[in-house]
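> Dropping in upload-v9.cif, which is mmCIF, C-alpha atoms:
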```cif
data_structure
loop_
_atom_site.label_atom_id
_atom_site.label_comp_id
_atom_site.auth_asym_id
_atom_site.auth_seq_id
_atom_site.Cartn_x
_atom_site.Cartn_y
_atom_site.Cartn_z
CA MET B 1 48.61 -58.64 20.82
CA ASN B 2 47.27 -62.14 20.52
CA ALA B 3 43.73 -62.85 21.63
CA ILE B 4 43.07 -65.72 24.02
CA LEU B 5 39.32 -65.35 23.60
CA GLU B 6 37.23 -64.00 20.78
CA CYS B 7 33.44 -63.82 20.59
CA ALA B 8 31.89 -62.62 17.34
CA ASN B 9 28.20 -61.81 16.96
CA VAL B 10 27.17 -64.26 19.67
CA ASN B 11 23.45 -64.67 20.38
CA LYS B 12 21.55 -66.67 22.96
CA SER B 13 17.89 -66.53 23.85
CA TYR B 14 15.69 -68.38 26.29
CA GLY B 15 12.18 -68.48 24.89
CA LYS B 16 11.33 -64.89 24.07
CA THR B 17 14.12 -63.44 26.20
CA ASP B 18 17.34 -62.48 24.44
CA ALA B 19 19.93 -63.14 27.14
CA VAL B 20 22.88 -62.27 24.88
CA ARG B 21 22.58 -60.27 21.67
CA GLN B 22 25.13 -59.69 18.90
CA LEU B 23 27.90 -59.76 21.40
CA ASP B 24 31.51 -59.13 20.41
CA MET B 25 34.39 -59.50 22.82
CA LYS B 26 38.12 -59.94 22.46
CA LEU B 27 40.41 -60.70 25.37
CA GLU B 28 44.14 -60.22 24.88
CA GLU B 29 46.77 -62.44 26.41
CA ASN B 30 48.00 -61.52 29.90
CA VAL B 31 45.51 -58.77 30.70
CA VAL B 32 43.12 -58.60 33.68
CA TYR B 33 39.60 -57.71 32.57
CA GLY B 34 36.45 -56.81 34.43
CA LEU B 35 33.06 -57.86 33.09
CA LEU B 36 30.66 -55.36 34.61
CA GLY B 37 26.94 -55.51 34.45
CA ARG B 38 23.85 -55.39 36.57
CA ASN B 39 22.10 -58.52 37.74
CA GLY B 40 20.41 -60.05 34.72
CA ALA B 41 22.57 -58.21 32.18
CA GLY B 42 23.76 -61.49 30.68
CA LYS B 43 27.11 -61.96 32.44
CA THR B 44 26.65 -65.55 33.56
CA THR B 45 25.03 -66.62 30.28
CA LEU B 46 28.04 -65.24 28.43
CA LEU B 47 30.49 -66.99 30.77
CA ASN B 48 28.63 -70.28 30.44
CA MET B 49 28.92 -70.03 26.65
CA ILE B 50 32.62 -69.14 26.73
CA THR B 51 33.31 -72.12 28.95
CA GLY B 52 31.25 -74.58 26.92
CA GLY B 53 28.46 -75.15 29.44
CA ILE B 54 25.83 -73.97 26.99
CA SER B 55 25.99 -73.35 23.25
CA PRO B 56 25.18 -70.05 21.57
CA ASP B 57 22.24 -69.98 19.14
CA SER B 58 24.52 -68.30 16.63
CA GLY B 59 27.90 -66.62 16.42
CA ARG B 60 31.49 -67.74 16.88
CA ILE B 61 33.53 -68.29 20.05
CA GLU B 62 37.24 -68.96 19.79
CA VAL B 63 39.42 -69.84 22.78
CA ALA B 64 43.21 -70.03 22.47
CA GLY B 65 42.89 -70.05 18.70
CA LEU B 66 40.39 -72.92 18.54
CA ASN B 67 36.75 -72.68 17.53
CA LEU B 68 34.52 -73.79 20.37
CA ARG B 69 32.05 -76.39 19.09
CA PRO B 70 28.90 -77.50 20.90
CA GLY B 71 29.81 -79.86 23.71
CA ASP B 72 33.50 -78.83 23.72
CA SER B 73 35.32 -77.68 26.82
CA PRO B 74 37.66 -74.83 25.97
CA LYS B 75 41.35 -75.55 26.39
CA ASP B 76 43.65 -73.58 28.72
CA THR B 77 40.66 -72.28 30.67
CA CYS B 78 39.68 -72.36 34.34
CA TYR B 79 36.15 -71.27 35.20
CA VAL B 80 35.36 -70.44 38.81
CA ARG B 81 31.60 -70.47 39.02
CA GLU B 82 29.55 -68.30 41.29
CA LYS B 83 28.11 -71.44 42.79
CA ASN B 84 29.47 -74.94 42.75
CA TYR B 85 26.37 -77.09 42.33
CA HIS B 86 28.24 -80.37 42.23
CA PHE B 87 30.46 -82.32 44.54
CA GLY B 88 28.70 -81.19 47.72
CA GLY B 89 29.82 -84.43 49.35
CA ALA B 90 33.47 -84.02 48.34
CA LYS B 91 36.11 -82.69 50.70
CA VAL B 92 38.00 -79.47 49.98
CA GLY B 93 41.22 -81.45 49.50
CA GLU B 94 39.52 -83.78 47.02
CA ILE B 95 38.22 -80.83 44.99
CA LEU B 96 41.77 -79.51 44.70
CA GLU B 97 43.04 -82.93 43.65
CA MET B 98 40.39 -83.17 40.93
CA ALA B 99 41.19 -79.66 39.73
CA SER B 100 44.90 -80.48 39.56
CA ALA B 101 44.12 -83.24 37.03
CA PHE B 102 42.39 -80.76 34.70
CA HIS B 103 44.94 -77.98 34.76
CA PRO B 104 48.44 -78.65 33.39
CA ASN B 105 49.92 -75.54 35.07
CA TRP B 106 48.55 -76.51 38.50
CA ASP B 107 50.83 -75.47 41.39
CA ALA B 108 50.14 -77.81 44.31
CA ALA B 109 52.44 -76.01 46.77
CA PHE B 110 50.73 -72.70 45.98
CA ALA B 111 47.33 -74.36 46.52
CA GLN B 112 48.45 -75.51 49.99
CA ASP B 113 49.69 -71.99 50.84
CA LEU B 114 46.34 -70.58 49.74
CA LEU B 115 44.39 -73.02 51.92
CA LYS B 116 46.35 -71.74 54.91
CA ALA B 117 46.05 -68.09 53.91
CA PHE B 118 42.29 -68.40 53.52
CA LYS B 119 41.95 -70.61 56.62
CA LEU B 120 40.32 -73.50 54.76
CA ASN B 121 40.29 -76.98 56.25
CA PRO B 122 41.04 -79.55 53.49
CA ASN B 123 39.07 -82.24 55.34
CA LYS B 124 35.80 -80.32 55.42
CA LYS B 125 33.07 -81.28 53.00
CA ILE B 126 31.88 -78.64 50.54
CA ARG B 127 28.33 -78.77 51.89
CA GLN B 128 29.62 -77.96 55.39
CA LEU B 129 31.13 -74.68 54.21
CA SER B 130 29.65 -71.22 54.51
CA ARG B 131 28.88 -69.28 51.32
CA GLY B 132 32.08 -67.30 51.68
CA MET B 133 34.26 -70.35 52.32
CA GLU B 134 32.79 -72.00 49.25
CA SER B 135 33.73 -68.94 47.17
CA LEU B 136 37.24 -69.22 48.59
CA VAL B 137 37.61 -72.87 47.54
CA GLY B 138 36.72 -71.80 43.99
CA ASN B 139 39.20 -68.96 44.20
CA VAL B 140 41.98 -71.29 45.36
CA VAL B 141 41.28 -73.46 42.31
CA GLY B 142 41.31 -70.40 40.05
CA LEU B 143 44.60 -69.11 41.43
CA ALA B 144 46.46 -72.44 41.67
CA SER B 145 45.34 -73.50 38.16
CA ARG B 146 47.49 -70.74 36.65
CA ALA B 147 45.34 -71.30 33.56
CA PRO B 148 46.11 -68.99 30.60
CA LEU B 149 42.45 -67.89 30.77
CA THR B 150 40.96 -67.79 34.27
CA ILE B 151 37.35 -66.68 34.63
CA TYR B 152 35.76 -65.78 37.96
CA ASP B 153 32.03 -65.25 38.33
CA GLU B 154 31.39 -63.05 41.40
CA PRO B 155 34.51 -64.32 43.21
CA VAL B 156 34.04 -62.38 46.45
CA LEU B 157 30.39 -63.22 47.05
CA GLY B 158 29.83 -63.91 50.74
CA LEU B 159 33.41 -63.01 51.72
CA ASP B 160 34.08 -60.61 54.56
CA VAL B 161 36.13 -57.54 53.80
CA LEU B 162 39.38 -59.05 55.10
CA MET B 163 39.13 -62.10 52.86
CA ARG B 164 38.15 -59.95 49.89
CA GLU B 165 41.21 -57.79 50.32
CA LYS B 166 43.35 -60.90 50.72
CA PHE B 167 41.95 -62.41 47.53
CA TYR B 168 42.63 -59.27 45.45
CA SER B 169 46.07 -58.94 46.97
CA VAL B 170 47.08 -62.55 46.20
CA LEU B 171 45.55 -62.33 42.74
CA MET B 172 47.56 -59.20 41.91
CA GLU B 173 50.84 -60.54 43.24
CA ASP B 174 50.48 -63.90 41.52
CA TYR B 175 49.45 -62.25 38.27
CA ALA B 176 52.55 -60.03 38.42
CA GLU B 177 54.72 -63.12 38.73
CA HIS B 178 52.71 -65.40 36.42
CA PRO B 179 50.95 -63.24 33.84
CA ARG B 180 47.79 -64.69 32.31
CA THR B 181 44.40 -63.50 31.18
CA VAL B 182 41.87 -63.05 33.97
CA LEU B 183 38.22 -62.14 33.53
CA LEU B 184 36.44 -61.00 36.70
CA SER B 185 32.70 -60.83 36.39
CA THR B 186 31.20 -58.75 39.16
CA HIS B 187 28.79 -56.05 40.14
CA LEU B 188 31.13 -54.82 42.92
CA ILE B 189 32.77 -52.24 40.72
CA ASP B 190 34.55 -50.03 43.22
CA GLU B 191 36.47 -53.00 44.55
CA ILE B 192 37.89 -54.11 41.23
CA ALA B 193 38.53 -50.65 39.77
CA LYS B 194 42.25 -50.82 40.52
CA VAL B 195 42.57 -54.59 40.05
CA VAL B 196 41.51 -54.74 36.41
CA GLU B 197 43.22 -53.01 33.51
CA LYS B 198 40.30 -53.08 31.10
CA VAL B 199 36.57 -53.42 31.42
CA TYR B 200 33.71 -54.68 29.33
CA ILE B 201 30.38 -53.19 30.32
CA ILE B 202 27.45 -55.43 29.46
CA GLU B 203 23.82 -54.34 29.48
CA ALA B 204 20.76 -56.14 28.15
CA GLY B 205 22.96 -58.85 26.63
CA SER B 206 25.24 -56.58 24.58
CA ILE B 207 28.58 -54.90 25.18
CA LEU B 208 27.99 -51.19 25.75
CA LEU B 209 31.61 -50.19 26.27
CA ALA B 210 35.05 -51.80 26.20
CA ASP B 211 37.88 -49.59 27.45
CA ASP B 212 40.89 -49.13 29.70
CA VAL B 213 39.89 -48.26 33.28
CA ASP B 214 42.39 -45.41 33.36
CA ASN B 215 41.16 -44.22 29.99
CA ILE B 216 37.64 -43.99 31.40
CA ARG B 217 38.89 -42.28 34.56
CA SER B 218 40.86 -39.66 32.70
CA ARG B 219 37.87 -38.83 30.49
CA SER B 220 35.00 -38.77 32.96
CA TYR B 221 34.12 -35.91 35.27
CA MET B 222 31.55 -34.63 37.68
CA LEU B 223 30.77 -30.92 37.31
CA THR B 224 28.92 -28.83 39.84
CA GLY B 225 27.93 -25.20 39.62
CA SER B 226 25.05 -22.91 38.86
CA ARG B 227 22.54 -24.45 36.51
CA GLU B 228 23.01 -21.80 33.89
CA ASN B 229 26.81 -22.08 33.81
CA VAL B 230 26.86 -25.88 33.93
CA GLU B 231 24.44 -25.95 30.99
CA ARG B 232 26.52 -23.45 29.05
CA PHE B 233 29.77 -25.29 29.76
CA THR B 234 28.43 -28.75 28.91
CA SER B 235 26.71 -27.79 25.67
CA GLY B 236 28.20 -29.97 22.91
CA LYS B 237 29.67 -32.37 25.49
CA ARG B 238 28.49 -35.89 26.19
CA VAL B 239 26.52 -35.57 29.41
CA ILE B 240 25.68 -38.98 30.88
CA TYR B 241 23.90 -37.72 33.94
CA ARG B 242 22.35 -34.44 34.99
CA GLU B 243 20.55 -33.34 38.08
CA SER B 244 19.39 -29.97 39.30
CA TYR B 245 18.75 -28.68 42.77
CA GLY B 246 17.55 -25.14 43.35
CA SER B 247 19.50 -23.02 40.91
CA GLY B 248 22.44 -25.42 41.02
CA SER B 249 23.20 -28.36 38.81
CA LEU B 250 25.33 -31.51 38.64
CA ALA B 251 26.47 -33.02 35.38
CA ALA B 252 28.57 -36.10 34.68
CA VAL B 253 30.53 -35.71 31.46
CA PHE B 254 32.21 -38.46 29.43
CA GLY B 255 34.91 -37.09 27.14
CA ALA B 256 38.22 -35.35 27.75
CA ILE B 257 38.16 -31.78 29.09
CA GLY B 258 41.30 -29.80 28.26
CA GLU B 259 43.31 -27.64 30.64
CA ASP B 260 42.07 -24.41 29.08
CA GLU B 261 38.51 -25.55 29.53
CA ILE B 262 39.19 -26.51 33.14
CA ARG B 263 40.47 -23.00 33.78
CA MET B 264 37.42 -21.54 32.06
CA ALA B 265 35.16 -23.72 34.20
CA GLY B 266 36.92 -22.40 37.30
CA GLN B 267 36.20 -18.85 36.24
CA MET B 268 32.54 -19.80 35.76
CA GLY B 269 32.42 -21.11 39.31
CA ILE B 270 32.17 -24.72 38.18
CA THR B 271 33.92 -27.40 40.24
CA ILE B 272 35.33 -30.33 38.29
CA ASP B 273 36.02 -33.64 40.03
CA GLY B 274 37.02 -37.04 38.73
CA LEU B 275 34.30 -39.65 38.52
CA PRO B 276 34.83 -42.96 40.36
CA LEU B 277 34.29 -45.98 38.11
CA GLN B 278 31.25 -47.12 40.09
CA LYS B 279 29.47 -43.82 39.49
CA PHE B 280 30.52 -43.76 35.87
CA PHE B 281 29.10 -47.24 35.43
CA ALA B 282 25.76 -46.36 37.06
CA TYR B 283 25.29 -43.17 35.03
CA PHE B 284 26.49 -44.74 31.82
CA ILE B 285 24.11 -47.72 32.12
CA GLU B 286 21.20 -45.52 33.09
CA GLY B 287 21.93 -43.05 30.32
CA SER B 288 21.97 -45.81 27.73
CA ALA B 289 18.71 -47.28 29.03
CA SER B 290 16.85 -43.99 28.72
CA ALA B 291 18.43 -43.04 25.38
CA MET C 292 45.72 -41.09 48.90
CA ALA C 293 46.93 -44.62 49.50
CA THR C 294 43.47 -45.97 48.83
CA PHE C 295 43.78 -45.05 45.16
CA ASP C 296 40.08 -44.41 44.83
CA ASP C 297 39.73 -40.79 43.81
CA GLY C 298 38.72 -39.91 40.29
CA GLN C 299 42.28 -39.57 38.96
CA PRO C 300 43.69 -42.22 36.64
CA ILE C 301 45.22 -44.92 38.82
CA PHE C 302 48.62 -44.88 37.14
CA GLN C 303 48.78 -41.18 38.04
CA GLN C 304 47.95 -42.01 41.65
CA VAL C 305 50.66 -44.69 41.65
CA ALA C 306 53.18 -42.11 40.44
CA ASP C 307 51.97 -39.64 43.09
CA LYS C 308 52.30 -42.26 45.82
CA ILE C 309 55.91 -43.03 44.86
CA GLU C 310 56.67 -39.29 44.72
CA ASP C 311 55.13 -38.82 48.17
CA ASP C 312 57.31 -41.64 49.48
CA ILE C 313 60.38 -39.97 48.02
CA LEU C 314 59.48 -36.56 49.50
CA THR C 315 58.75 -37.97 52.95
CA GLY C 316 61.96 -39.99 53.01
CA ILE C 317 60.52 -43.49 52.80
CA TYR C 318 62.85 -43.73 49.82
CA ASN C 319 66.06 -41.77 49.70
CA GLU C 320 67.98 -40.88 46.59
CA GLU C 321 69.65 -43.94 45.07
CA ASP C 322 67.31 -46.24 47.04
CA GLN C 323 65.59 -49.13 45.29
CA ILE C 324 61.80 -48.89 45.28
CA ILE C 325 59.64 -51.96 45.95
CA SER C 326 59.07 -54.39 43.09
CA VAL C 327 55.96 -54.30 40.93
CA ALA C 328 54.77 -57.58 42.51
CA GLN C 329 55.17 -56.18 46.03
CA PHE C 330 53.42 -52.97 45.05
CA ALA C 331 50.61 -55.01 43.47
CA ARG C 332 50.20 -57.10 46.60
CA THR C 333 50.41 -54.24 49.08
CA PHE C 334 48.03 -51.87 47.34
CA GLU C 335 45.96 -54.43 45.36
CA ILE C 336 46.67 -52.69 42.11
CA ASN C 337 47.01 -54.14 38.63
CA PRO C 338 50.73 -54.56 37.79
CA ALA C 339 50.28 -53.16 34.28
CA THR C 340 48.95 -49.95 35.85
CA ILE C 341 51.90 -49.82 38.25
CA VAL C 342 54.31 -50.23 35.36
CA LYS C 343 52.62 -47.28 33.63
CA GLY C 344 52.98 -45.11 36.74
CA ILE C 345 56.66 -46.05 37.05
CA ALA C 346 57.24 -45.33 33.35
CA LEU C 347 55.88 -41.83 33.93
CA LEU C 348 58.47 -41.24 36.67
CA VAL C 349 61.26 -42.69 34.54
CA ASN C 350 60.35 -40.22 31.77
CA GLU C 351 60.54 -37.37 34.23
CA GLY C 352 63.97 -38.44 35.52
CA ILE C 353 62.67 -39.36 38.98
CA LEU C 354 63.33 -43.11 38.73
CA TYR C 355 65.79 -45.11 36.68
CA LYS C 356 66.20 -48.77 35.93
CA LYS C 357 69.21 -50.83 36.92
CA ARG C 358 69.19 -53.72 34.54
CA GLY C 359 68.32 -56.99 36.29
CA LEU C 360 68.01 -55.30 39.67
CA GLY C 361 64.97 -53.05 39.67
CA MET C 362 63.93 -49.42 39.82
CA TYR C 363 65.96 -46.81 41.71
CA VAL C 364 65.43 -43.21 42.81
CA THR C 365 67.63 -40.76 40.89
CA ALA C 366 69.97 -38.31 42.61
CA ASP C 367 67.83 -35.36 41.42
CA ALA C 368 64.47 -36.92 42.24
CA ARG C 369 63.48 -34.60 45.10
CA LYS C 370 64.46 -31.51 43.19
CA ILE C 371 62.43 -32.57 40.17
CA ILE C 372 59.37 -33.52 42.21
CA LYS C 373 59.43 -30.28 44.20
CA GLY C 374 59.73 -28.27 41.01
CA LYS C 375 56.73 -29.77 39.31
CA ARG C 376 54.65 -29.99 42.46
CA LYS C 377 55.08 -26.27 43.10
CA ASP C 378 53.16 -25.61 39.91
CA ARG C 379 50.51 -28.06 40.99
CA PHE C 380 50.44 -26.55 44.48
CA TYR C 381 49.58 -23.20 42.96
CA ASN C 382 47.12 -24.46 40.34
CA GLN C 383 45.26 -26.97 42.48
CA LEU C 384 45.62 -25.85 46.08
CA VAL C 385 46.29 -22.12 46.18
CA LEU C 386 43.64 -21.27 43.62
CA LYS C 387 41.17 -23.56 45.38
CA LEU C 388 42.01 -21.91 48.69
CA LEU C 389 41.35 -18.50 47.19
CA ASP C 390 38.04 -19.69 45.73
CA GLU C 391 36.98 -20.86 49.17
CA ALA C 392 38.21 -17.62 50.74
CA GLU C 393 36.10 -15.68 48.27
CA LYS C 394 33.01 -17.69 49.18
CA LEU C 395 33.66 -16.87 52.84
CA GLU C 396 34.37 -13.23 51.96
CA LEU C 397 37.77 -13.36 53.64
CA THR C 398 40.19 -10.56 52.80
CA ALA C 399 43.69 -11.30 51.52
CA ASP C 400 45.10 -10.09 54.86
CA GLU C 401 42.89 -12.47 56.79
CA VAL C 402 44.01 -15.39 54.58
CA ILE C 403 47.67 -14.46 55.04
CA GLU C 404 47.13 -14.19 58.80
CA MET C 405 45.66 -17.70 58.83
CA ILE C 406 48.56 -19.07 56.81
CA LYS C 407 51.04 -17.53 59.26
CA LYS C 408 49.12 -18.99 62.20
CA GLY C 409 49.06 -22.48 60.68
CA LYS C 410 52.62 -22.52 59.38
CA ARG C 411 54.77 -25.04 61.14
CA SER C 412 58.26 -23.97 60.07
#
```
Would you mind writing the structure in this file as structure tokens?

Amino acid sequence: MNAILECANVNKSYGKTDAVRQLDMKLEENVVYGLLGRNGAGKTTLLNMITGGISPDSGRIEVAGLNLRPGDSPKDTCYVREKNYHFGGAKVGEILEMASAFHPNWDAAFAQDLLKAFKLNPNKKIRQLSRGMESLVGNVVGLASRAPLTIYDEPVLGLDVLMREKFYSVLMEDYAEHPRTVLLSTHLIDEIAKVVEKVYIIEAGSILLADDVDNIRSRSYMLTGSRENVERFTSGKRVIYRESYGSGSLAAVFGAIGEDEIRMAGQMGITIDGLPLQKFFAYFIEGSASA
Amino acid sequence: MATFDDGQPIFQQVADKIEDDILTGIYNEEDQIISVAQFARTFEINPATIVKGIALLVNEGILYKKRGLGMYVTADARKIIKGKRKDRFYNQLVLKLLDEAEKLELTADEVIEMIKKGKRS
């Protein structure tokens, strides 16, 4: 697979704070990725570097096969920021017109359909919009750009649940028909668990884990049972979270458990459930922080 | 089930959903199933994941591809699904039911009585 984006050993610090440290990332063509991290983990700093807004202190960033030099804007890329600080006086329709000039794959008819679907008035000024409507304008730009690399920073911030569902639904359908690489940066993990194929988990400026969502799901479990049996069963396994109550115990395990072992666990009175991505993320991050 | 949010891999849940739809008659044998794009829109699921779920069913002889047209339900689909789900029914549901019965100290006769009472056909 060809990479549309490659970051190698990228570093960025602000004063004494290392916002991004020795970060490696490789995004393949035509895959939807999630960039997951807590607030302050370095997500937006990373995105700003990828999209040329700020330069790394060291390391290499390559977009669509070209080295990104300081001051460059990456080619083939559409970046939908969390907040649009500029153009507050511009109308929604004017924003779309400007965006169409930057993006060679722009689909104007699709943009018009999206305005209707998201109930956006093209004559309204950006500063008159609610937080959610402003997010939607950015999302319309991201979708209609059909850019080979489309990056969204917290795309559903301020959106009600109906509009969020609509955004994911349109994104998935349009991606099926026009494959491209999408990077969704968010802390709303449950919502994007079925939308993204792969995730990068970022913590304290570095990538902790890069994997297929389904690969994580099929190798992460929540075990419950008596403390003694859970401890016996999990010995030698990678336990990312453990909690005891009375003589009972919970343990989250990362690493495949075979069918024979599952049967054995059943005989030991241990219940094994799958672990939703959101929980996995929380335990995994916490486990790495305390390690 | 249709929320696709339990701990199972999502491609597995996609395959289960299509199987459910075949068993309940939403799709009949030789029917075309919805396209990947429609599935992606309706359930907000990544198309690559849907393709993986469909591939699983193709391998098991439950779906087949008509070139240029789409995916279709095979003539044997229901038989195949019922066969493999019986194993799962025993392993996942019956054994779980018996575990729960044991916790409640129900006798086998009491469990059988309950099953008879609840049985609809």
> Pick the closest to Gly352 in chain C from C:Ala392, C:Val385, C:Tyr318, C:Glu310: which is it, counting all atoms listed in the file?
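Selected residue with least distance to Gly352 in chain C: C:Glu310.
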> Spell out the residues picked by the PyMOL selection byres ((chain B) within 6 of (chain C)) here, as an NGL selection string.
:B and (168-169 or 172-173 or 176 or 194-196 or 214 or 217-218 or 274-276)
> Starting from the displayed file, determine the output of the PyMOL selection byres ((chain B and resi 262-271) around 8) and express the residue list as a compact mmCIF listing (two decimals) with C-alpha atoms, in the coordinates of the input.

```txt
# COMPACT_ATOMS: atom_id res chain seq x y z
CA LEU B 223 30.77 -30.92 37.31
CA THR B 224 28.92 -28.83 39.84
CA GLY B 225 27.93 -25.20 39.62
CA SER B 226 25.05 -22.91 38.86
CA ASN B 229 26.81 -22.08 33.81
CA VAL B 230 26.86 -25.88 33.93
CA PHE B 233 29.77 -25.29 29.76
CA ILE B 257 38.16 -31.78 29.09
CA GLY B 258 41.30 -29.80 28.26
CA GLU B 259 43.31 -27.64 30.64
CA ASP B 260 42.07 -24.41 29.08
CA GLU B 261 38.51 -25.55 29.53
CA ILE B 272 35.33 -30.33 38.29
CA ASP B 273 36.02 -33.64 40.03
```
> Nearest to Asn48 in chain B among B:Leu162, B:Val80, B:Val156, B:Val239, with distances taken over only C-alpha atoms: which residue is it?
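Ranked by minimum distance to Asn48 in chain B, first place goes to B:Val80.
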> Using CA of Val10 in chain B and CA of Leu66 in chain B as the two end points, give the distance in Å to one decimal.
15.8 Å
> CA of Ser249 in chain B and CA of Phe281 in chain B are how many Å apart?
20.1 Å
> Which residues fall under the PyMOL selection byres ((chain B and resi 184) around 8) in this file, as a PyMOL selection string?
chain B and resi 32-35+151-155+182-183+185-186
> Looking at all atoms listed in the file, which of B:Arg180, B:Arg127, B:Lys198, B:Arg232 is the one that sits closest to Pro148 in chain B?
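For Pro148 in chain B, the nearest of the candidates is B:Arg180.
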> Closest to Ile216 in chain B among B:Ile126, B:Leu149, B:Leu188, B:Leu277, using all atoms listed in the file?
B:Leu277
> Work out how far CA of Leu27 in chain B is from CA of Glu203 in chain B, in Å to one decimal.
18.2 Å
> Go through B:Met49, B:Ala19, B:Met25, B:Cys78 one by one, measure the shortest atom-to-atom distance of each to Trp106 in chain B using all atoms listed in the file, and give the residue with the smallest value.
B:Cys78
> I'd like the contact shell of Ile371 in chain C - 8 Å cut-off, all atoms listed in the file, skipping same-chain residues fewer than 2 positions apart - returned as a list in words.
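Close residues of Ile371 in chain C: Glu351, Gly352, Ile353, Asp367, Ala368, Arg369, Lys373, Gly374 and Lys375 of chain C.
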> Give me a file of those residues, with C-alpha atoms, as a compact mmCIF listing (two decimals), keeping the file's coordinate frame.

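The result, written out as result_1.txt:
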```txt
# COMPACT_ATOMS: atom_id res chain seq x y z
CA GLU C 351 60.54 -37.37 34.23
CA GLY C 352 63.97 -38.44 35.52
CA ILE C 353 62.67 -39.36 38.98
CA ASP C 367 67.83 -35.36 41.42
CA ALA C 368 64.47 -36.92 42.24
CA ARG C 369 63.48 -34.60 45.10
CA LYS C 373 59.43 -30.28 44.20
CA GLY C 374 59.73 -28.27 41.01
CA LYS C 375 56.73 -29.77 39.31
```
> Taking 4 positions as the minimum chain separation for residues in the same chain, which residues sit within 12 Å of Leu208 in chain B when counting only C-alpha atoms? Answer as an mmCIF file with C-alpha atoms, keeping the file's coordinate frame.

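The resulting file, out-v7.cif, is shown below:
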```
data_model
loop_
_atom_site.group_PDB
_atom_site.id
_atom_site.type_symbol
_atom_site.label_atom_id
_atom_site.label_comp_id
_atom_site.auth_asym_id
_atom_site.auth_seq_id
_atom_site.Cartn_x
_atom_site.Cartn_y
_atom_site.Cartn_z
ATOM 1 C CA ARG B 21 22.580 -60.270 21.670
ATOM 2 C CA GLN B 22 25.130 -59.690 18.900
ATOM 3 C CA LEU B 23 27.900 -59.760 21.400
ATOM 4 C CA ASP B 24 31.510 -59.130 20.410
ATOM 5 C CA MET B 25 34.390 -59.500 22.820
ATOM 6 C CA LEU B 35 33.060 -57.860 33.090
ATOM 7 C CA LEU B 36 30.660 -55.360 34.610
ATOM 8 C CA GLY B 37 26.940 -55.510 34.450
ATOM 9 C CA ALA B 41 22.570 -58.210 32.180
ATOM 10 C CA VAL B 199 36.570 -53.420 31.420
ATOM 11 C CA TYR B 200 33.710 -54.680 29.330
ATOM 12 C CA ILE B 201 30.380 -53.190 30.320
ATOM 13 C CA ILE B 202 27.450 -55.430 29.460
ATOM 14 C CA GLU B 203 23.820 -54.340 29.480
ATOM 15 C CA ALA B 204 20.760 -56.140 28.150
ATOM 16 C CA PHE B 281 29.100 -47.240 35.430
ATOM 17 C CA PHE B 284 26.490 -44.740 31.820
ATOM 18 C CA ILE B 285 24.110 -47.720 32.120
ATOM 19 C CA GLU B 286 21.200 -45.520 33.090
ATOM 20 C CA GLY B 287 21.930 -43.050 30.320
ATOM 21 C CA SER B 288 21.970 -45.810 27.730
ATOM 22 C CA ALA B 289 18.710 -47.280 29.030
#
```
> Could you pull range 361-371 of chain C out of the block above and give me N, CA and C atoms, as a short mmCIF file (atom, residue, chain, number, x, y, z; two decimals), in the first residue's frame?

```cif
data_model
loop_
_atom_site.label_atom_id
_atom_site.label_comp_id
_atom_site.auth_asym_id
_atom_site.auth_seq_id
_atom_site.Cartn_x
_atom_site.Cartn_y
_atom_site.Cartn_z
N GLY C 361 -23.68 -7.31 -7.98
CA GLY C 361 -23.67 -7.17 -6.52
C GLY C 361 -23.66 -8.53 -5.84
N MET C 362 -23.99 -8.50 -4.54
CA MET C 362 -23.93 -9.72 -3.74
C MET C 362 -25.33 -10.31 -3.60
N TYR C 363 -25.40 -11.65 -3.71
CA TYR C 363 -26.68 -12.35 -3.65
C TYR C 363 -26.65 -13.44 -2.59
N VAL C 364 -27.84 -13.78 -2.09
CA VAL C 364 -27.99 -14.85 -1.10
C VAL C 364 -28.02 -16.19 -1.84
N THR C 365 -27.23 -17.15 -1.38
CA THR C 365 -27.20 -18.45 -2.05
C THR C 365 -28.45 -19.25 -1.73
N ALA C 366 -28.69 -20.29 -2.52
CA ALA C 366 -29.88 -21.14 -2.33
C ALA C 366 -29.81 -21.89 -1.00
N ASP C 367 -28.59 -22.19 -0.53
CA ASP C 367 -28.43 -22.96 0.71
C ASP C 367 -28.23 -22.09 1.94
N ALA C 368 -28.33 -20.78 1.78
CA ALA C 368 -27.92 -19.87 2.85
C ALA C 368 -28.56 -20.21 4.20
N ARG C 369 -29.90 -20.38 4.19
CA ARG C 369 -30.57 -20.60 5.49
C ARG C 369 -30.08 -21.87 6.16
N LYS C 370 -29.93 -22.90 5.33
CA LYS C 370 -29.48 -24.18 5.88
C LYS C 370 -28.10 -24.02 6.53
N ILE C 371 -27.22 -23.34 5.83
CA ILE C 371 -25.85 -23.16 6.35
C ILE C 371 -25.86 -22.34 7.64
#
```
